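Trainee: Can you read through this structure? Questions will come right after.
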Amino acid sequence: MSVNKDSKVYNVSLVSYAPLSFIEDILNFHISQIKAYSFCYHDKDDGKVPHTHIVICSKMPLKLSTYCNWFNFVNDNGEKEHTFGEKCIDVKSSFNYLCHLDNPEKFQYSIADRIVFNPDFFEHSSSDDLSILALTDLLSGCSIRDTALKYGKSFIFHYSHFRSLLIDIGEQEGISFFSNKKNESR
């Protein structure tokens with residue numbers, strides 16, 4: 001999914017040409033901001049320069065450009081080794097892609113080649129994570145419009161469920177998420 005570099009996202013899938021030791025150092029440096037990460041070095045993809053695929057699941061949303069900039073690296077020839085990224089919609093699929101597990105037509109990297117921080121997170125990841133993130137945004141005061149734009153058609157399709165849940169939470173906690181009768185009657 002193409003996302004503006006200034007969009008804030010929780011989960012990203014990156015491709016970096018920086019050395020593995022540099023990637024590991026950067027991930028360890030930012031570990032306090034990260035829920036989980038995994039990466040795998042790809043040096044056997046047909047016709048491609050060796051590169052590393054990285055999946056990062058953050059504790060807070062960051063700009064896509066921020067994640068990419070973490071891995072800015074200048075090689076011995078003074079050339080910048082670029083990192084490219086996109087919003088990660090399906091964490092489990094991105095995690096599997098690190099070894100091409102769901103892509104039998106591609107070289108199959110060993111699961112042992114995949115470096116993982118917090119493997120339980122990846123094993124239990126699903127698209128349901130987006131529902132929790134959307135709910136968290138709504139509870140934090142994000143507008144319905146912005147939440148719909150951020151999470152797309154799945155959020156819009158399930159909006160009535162989110163609304164019911166917010167009303168229940170509000171009643172339980174003595175908070176009104178919908179300030180006027182016009183909104184309540186919808």
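If you're wondering about the labels, chains in the structure tokens are A, B, ... by order shown, residues count from 1 in each chain, ligands from 1 in order shown.
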Mind running range 27-60 of chain A against range 10-19 of chain A at 8 Å and telling me each contacting residue's nearest atom pair with the distance in Å (one decimal), counting only C-alpha atoms, chain and number ascending, as a tab-separated table?
Mentor:
```
residue	atom	partner	partner_atom	distance
A:Pro50	CA	A:Tyr17	CA	7.2
A:His51	CA	A:Tyr17	CA	4.8
A:Thr52	CA	A:Ser16	CA	5.2
A:His53	CA	A:Val15	CA	4.6
A:Ile54	CA	A:Leu14	CA	4.9
A:Val55	CA	A:Ser13	CA	4.6
A:Ile56	CA	A:Val12	CA	5.4
A:Cys57	CA	A:Asn11	CA	4.4
A:Ser58	CA	A:Tyr10	CA	5.0
A:Lys59	CA	A:Tyr10	CA	7.0
A:Met60	CA	A:Tyr10	CA	6.0
```
Trainee: Record the distance separating CA of Leu139 in chain A and CA of Leu62 in chain A, expressed in Å with one decimal.
Mentor: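 Separation of CA of Leu139 in chain A and CA of Leu62 in chain A: 18.5 Å.
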Trainee: So which residues touch range 108-110 of chain A within 12 Å, counting only C-alpha atoms, skipping near sequence neighbours fewer than 3 positions away, as a ChimeraX atom specification?
Mentor: /A:39-46,52-53,96-105,113-115
Trainee: Write out as number ranges by chain the set of residues from range 15-121 of chain A that DSSP, computed on the backbone, places in strand (DSSP E).
Mentor: A: 15-16, 34-42, 51-63, 73-74, 80-81, 83-87, 115-117
Trainee: Enter the distance from CA of Lys35 in chain A to CA of Phe117 in chain A, in Å, rounded to one decimal.
Mentor: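 So the two atoms, CA of Lys35 in chain A and CA of Phe117 in chain A, lie 8.4 Å apart.
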Trainee: Need the shell around Leu138 in chain A: protein/DNA/RNA residues with any atom at most 8 Å away, counting only C-alpha atoms. Skip same-chain ones fewer than 5 positions apart. Format as a list in words?
Mentor: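 After dropping sequence-adjacent residues, the list is Ser143, Ile144 and Thr147 of chain A.
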Trainee: Based on the selection just made, write all heavy atoms of those residues as a PDB file, in the first residue's frame.
Mentor:
```pdb
ATOM      1  N   SER A 143     -10.517  12.042  15.318  1.00  0.00           N
ATOM      2  CA  SER A 143     -11.854  12.200  14.748  1.00  0.00           C
ATOM      3  C   SER A 143     -12.261  10.951  13.967  1.00  0.00           C
ATOM      4  O   SER A 143     -11.413  10.184  13.506  1.00  0.00           O
ATOM      5  CB  SER A 143     -11.910  13.420  13.825  1.00  0.00           C
ATOM      6  OG  SER A 143     -11.235  13.149  12.617  1.00  0.00           O
ATOM      7  N   ILE A 144     -13.561  10.769  13.841  1.00  0.00           N
ATOM      8  CA  ILE A 144     -14.079   9.629  13.066  1.00  0.00           C
ATOM      9  C   ILE A 144     -13.597   9.731  11.626  1.00  0.00           C
ATOM     10  O   ILE A 144     -13.186   8.741  11.020  1.00  0.00           O
ATOM     11  CB  ILE A 144     -15.614   9.574  13.156  1.00  0.00           C
ATOM     12  CG1 ILE A 144     -16.041   9.306  14.595  1.00  0.00           C
ATOM     13  CG2 ILE A 144     -16.189   8.520  12.204  1.00  0.00           C
ATOM     14  CD1 ILE A 144     -17.517   9.541  14.872  1.00  0.00           C
ATOM     15  N   THR A 147      -9.939   8.772  11.436  1.00  0.00           N
ATOM     16  CA  THR A 147      -9.808   7.332  11.668  1.00  0.00           C
ATOM     17  C   THR A 147     -10.252   6.555  10.434  1.00  0.00           C
ATOM     18  O   THR A 147      -9.593   5.594  10.023  1.00  0.00           O
ATOM     19  CB  THR A 147     -10.621   6.906  12.909  1.00  0.00           C
ATOM     20  OG1 THR A 147     -10.186   7.686  14.034  1.00  0.00           O
ATOM     21  CG2 THR A 147     -10.418   5.439  13.229  1.00  0.00           C
TER      22      THR A 147
END
```
Trainee: Of the residues A:Val49, A:Ile23, A:Ile34, A:Leu166, which is the one nearest to Cys68 in chain A, using only C-alpha atoms?
Mentor: A:Ile23
Trainee: Can you pull out every residue from range 25-176 of chain A that DSSP, working from the backbone, puts in helix (DSSP H, G or I), and format the result as a count of residues only?
Mentor: 70
Trainee: Name the closest residue to Val116 in chain A among the candidates A:Ser38, A:Ser93, A:Ser131, A:Thr83; distances are taken between atoms, counting only C-alpha atoms.
Mentor: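 So, comparing all the options, the nearest one is A:Ser38.
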